[in-house]
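S.K.: Dropping a structure here in structure tokens format, bear with me for questions.
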Amino acid sequence: MLDLRFIVENVQDVRTSLEKRGAVALLPVLKQVEELDKKRRGIILTVEELKAKRNKASQEIGQIKKSGGDASAIMTEMKTVSDTIKLQDDELAKCQDEILKLQLEIPNVLQATVVPGKDSAHNQQVRQWGEPRKIAQPKSHDEIGEKMGILDFNKAGLVTGARFVFLKGVAARLERALIQFMMDTHSAHGYEEMIPPFIVNRQSLVGTGQLPKFEEDVFKLQGHEYFLIPTAEVPVTNYHRDDILAVTQLPRRYVAYSPCFRSEAGNYGKDTKGMKRQHQFQKVELVAFAEPEKSSEEHERLTGDAERILKCLELPYRVMALCGGDTGFSSSKTYDLEVWLPGANAWSEISSCSNFGDFQARRANIRYRDVAGKVRFVHTLNGSGLAIGRTVIAILENYQKPDGTFDIPTALKKYMA
């Protein structure tokens, strides 16, 4: 959430960021915030003046009573003033609630280095590692998996529905091996391991920015204000909700494994074939908390940590800096890691690494005490390190053999033994 004072004092920057995102439909919301803030400040000024008048009258009433005079007229007047203050306080609370609701609709302000653009077609390549494999007549992961009998979409459709899959045999072992390999690798590079709750409350999703804007994309438990997590980012970030960290605790880094659940309402009809966009999948997530002055440096580090996994698995990939229109609601800047998929003959996202600035920290009230003793909001960051199902896809397609099977990357062989 953007700070109200920041919005009103930097309204042109917020407007420019919305335009860069292609979110011009939110400009009237920004205007409403400005108008409501003027109203809010007007109410505060009126209340302060009335309270000053009441305080002065209280002194006069005391003096009149002390001298034996009749203060009933002033007391009656002050009763009206007190009633007016109560009404104004109620109006102020209502105004502040309205402002808060509108604040929650406004996305984060993009960093200056983020370029404008409508969608992924305007993203910019930062670097590439490895060359796409040349495979004669490459097959897609679902073709390979179904032929080998290790991916079963039909049975999953029968048991549950569309966008689910059974992983069997070597595919199930591969997924388990990937989780262990990623957790081991990241924990060896400074991340504290965590397995979080897979169900969270509403405030947790508000804290990280999924609610209220994206409620249709999450699964809600009937009869409860509980939700299945769309990513471990939600519970791990909220682990420090309402905390004040010591500056000596920063940067703080966590690596978490979890299943993830998404309704994909916003992606209806997109990438429905195979495992690319499932309602349920597994992921290893990197989450970091940093001082504001060091969050950009932490963003580069976190992105590099996600890249390390792809390098170890010898999977060709590229790093893309997302344009304004493709950057997530809560993010100020995002890098996507895209792995090469021979079966699709295309690059495909396998990780998003984002710097949220203090946007999530304000919503979740996550702070730290700096070296001068001042309490400030931390900056939060996260990235997939990596999405497990999409890594399985990448391995099946990049390591496929002419006989319809596939090899295991060298880095995983000890985990598959």
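A note on labels: chains of the structure tokens are A, B, ... as shown, every chain counts residues from 1, and ligands are counted from 1 in their shown order.
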Would you kindly return, as a ChimeraX atom specification, each protein, DNA or RNA residue with an atom no farther than 12 Å from any atom of Asp83 (chain A), considering only C-alpha atoms and excluding same-chain residues fewer than 5 positions away?

M.R.: /A:47,50-51,54,76-78,88-90

S.K.: Quick one: DSSP alpha helix (DSSP H) residues in region 224-385 of chain A, as a ChimeraX atom specification?

M.R.: /A:233-238,295-312,359-364

S.K.: Please measure the separation of CA of Tyr415 (chain A) and CA of Met183 (chain A), giving the value in Å to one decimal.

M.R.: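 These two atoms are separated by 12.1 Å.
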
S.K.: Which residues come within 12 Å of Gln111 (chain A), counting only C-alpha atoms, excluding same-chain residues fewer than 3 positions away, as an NGL selection string?

M.R.: :A and (13-14 or 16-18 or 20-21 or 108 or 114-116 or 296 or 321-324 or 327 or 331-334 or 354-357)

S.K.: Identify which of the residues A:Gly404, A:Pro197, A:Gly207, A:Pro107 lies closest to Ala256 (chain A), counting only C-alpha atoms when measuring atom-to-atom distances.

M.R.: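 For Ala256 (chain A), the nearest of the candidates is A:Pro197.
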
S.K.: List the spatial neighbours of Trp340 (chain A) as a PyMOL selection string - criterion: any atom at most 8 Å away, only C-alpha atoms, same-chain residues fewer than 6 positions off excluded.

M.R.: chain A and resi 132+315-317+346-348+394+398

S.K.: Rounded to one decimal in Å, what is the spacing between CA of Phe164 (chain A) and CA of Asn382 (chain A)?

M.R.: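 These two atoms are separated by 25.8 Å.
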
S.K.: Do a neighbour search on Val11 (chain A) at 9 Å with only C-alpha atoms, toss out local chain neighbours closer than 5 positions, and write the hits as a PyMOL selection string.

M.R.: chain A and resi 6+16+30+34

S.K.: I need the residues from that last selection saved to file as an mmCIF file, in the first residue's frame (with C-alpha atoms), if you can.

M.R.:
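Once written, selection-v3.cif looks like this:
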```cif
data_model
loop_
_atom_site.group_PDB
_atom_site.id
_atom_site.type_symbol
_atom_site.label_atom_id
_atom_site.label_comp_id
_atom_site.auth_asym_id
_atom_site.auth_seq_id
_atom_site.Cartn_x
_atom_site.Cartn_y
_atom_site.Cartn_z
ATOM 1 C CA PHE A 6 3.447 9.998 -0.341
ATOM 2 C CA THR A 16 3.034 8.580 -14.235
ATOM 3 C CA LEU A 30 -6.240 8.650 -7.516
ATOM 4 C CA GLU A 34 -6.796 13.584 -3.427
#
```

S.K.: Give the answer as one residue: which of A:Val81, A:Ser67, A:Leu313, A:Arg41 has the shortest atom-to-atom distance to Asn55 (chain A), using only C-alpha atoms?

M.R.: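 Of A:Val81, A:Ser67, A:Leu313, A:Arg41, the one nearest Asn55 (chain A), counting only C-alpha atoms, is A:Val81.
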
S.K.: Which one is closest to Glu19 (chain A): A:Arg127, A:Lys31, A:Lys118, A:Arg367? Count only C-alpha atoms.

M.R.: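 Distance minimum relative to Glu19 (chain A) lands on A:Lys118.
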
S.K.: Quick one: residues within 8 Å of Thr380 (chain A), only C-alpha atoms, excluding same-chain residues fewer than 6 positions away - as a VMD selection string?

M.R.: chain A and resid 237 287 to 290 295 355 to 358 360 to 361

S.K.: Could you take the residues named above and write them with C-alpha atoms, as an mmCIF file, in the first residue's frame?

M.R.:
```
data_model
loop_
_atom_site.group_PDB
_atom_site.id
_atom_site.type_symbol
_atom_site.label_atom_id
_atom_site.label_comp_id
_atom_site.auth_asym_id
_atom_site.auth_seq_id
_atom_site.Cartn_x
_atom_site.Cartn_y
_atom_site.Cartn_z
ATOM 1 C CA THR A 237 6.057 -12.549 4.370
ATOM 2 C CA VAL A 287 11.551 -14.349 0.538
ATOM 3 C CA ALA A 288 13.803 -11.569 1.808
ATOM 4 C CA PHE A 289 13.509 -8.532 4.101
ATOM 5 C CA ALA A 290 16.007 -5.706 3.589
ATOM 6 C CA SER A 295 16.790 -3.617 -1.391
ATOM 7 C CA ASN A 355 11.181 -5.973 -5.225
ATOM 8 C CA PHE A 356 8.082 -4.643 -3.447
ATOM 9 C CA GLY A 357 9.729 -1.723 -1.677
ATOM 10 C CA ASP A 358 7.709 -0.927 1.465
ATOM 11 C CA GLN A 360 3.714 -4.956 1.401
ATOM 12 C CA ALA A 361 5.371 -3.863 4.632
#
```

S.K.: Here is a test: counting only C-alpha atoms, which residue of A:Ala52, A:Tyr335, A:Lys294, A:Ala344 is nearest to Val378 (chain A)?

M.R.: A:Lys294

S.K.: If we count only C-alpha atoms, what is near Gly190 (chain A) at a cut-off of 7 Å, once residues fewer than 3 positions away on the same chain are taken out, given as a PyMOL selection string?

M.R.: chain A and resi 186-187+253

S.K.: One decimal, Å: what's the distance from CA of Asp305 (chain A) over to CA of Met275 (chain A), could you say?

M.R.: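 Value for the CA of Asp305 (chain A)-CA of Met275 (chain A) distance: 24.3 Å.
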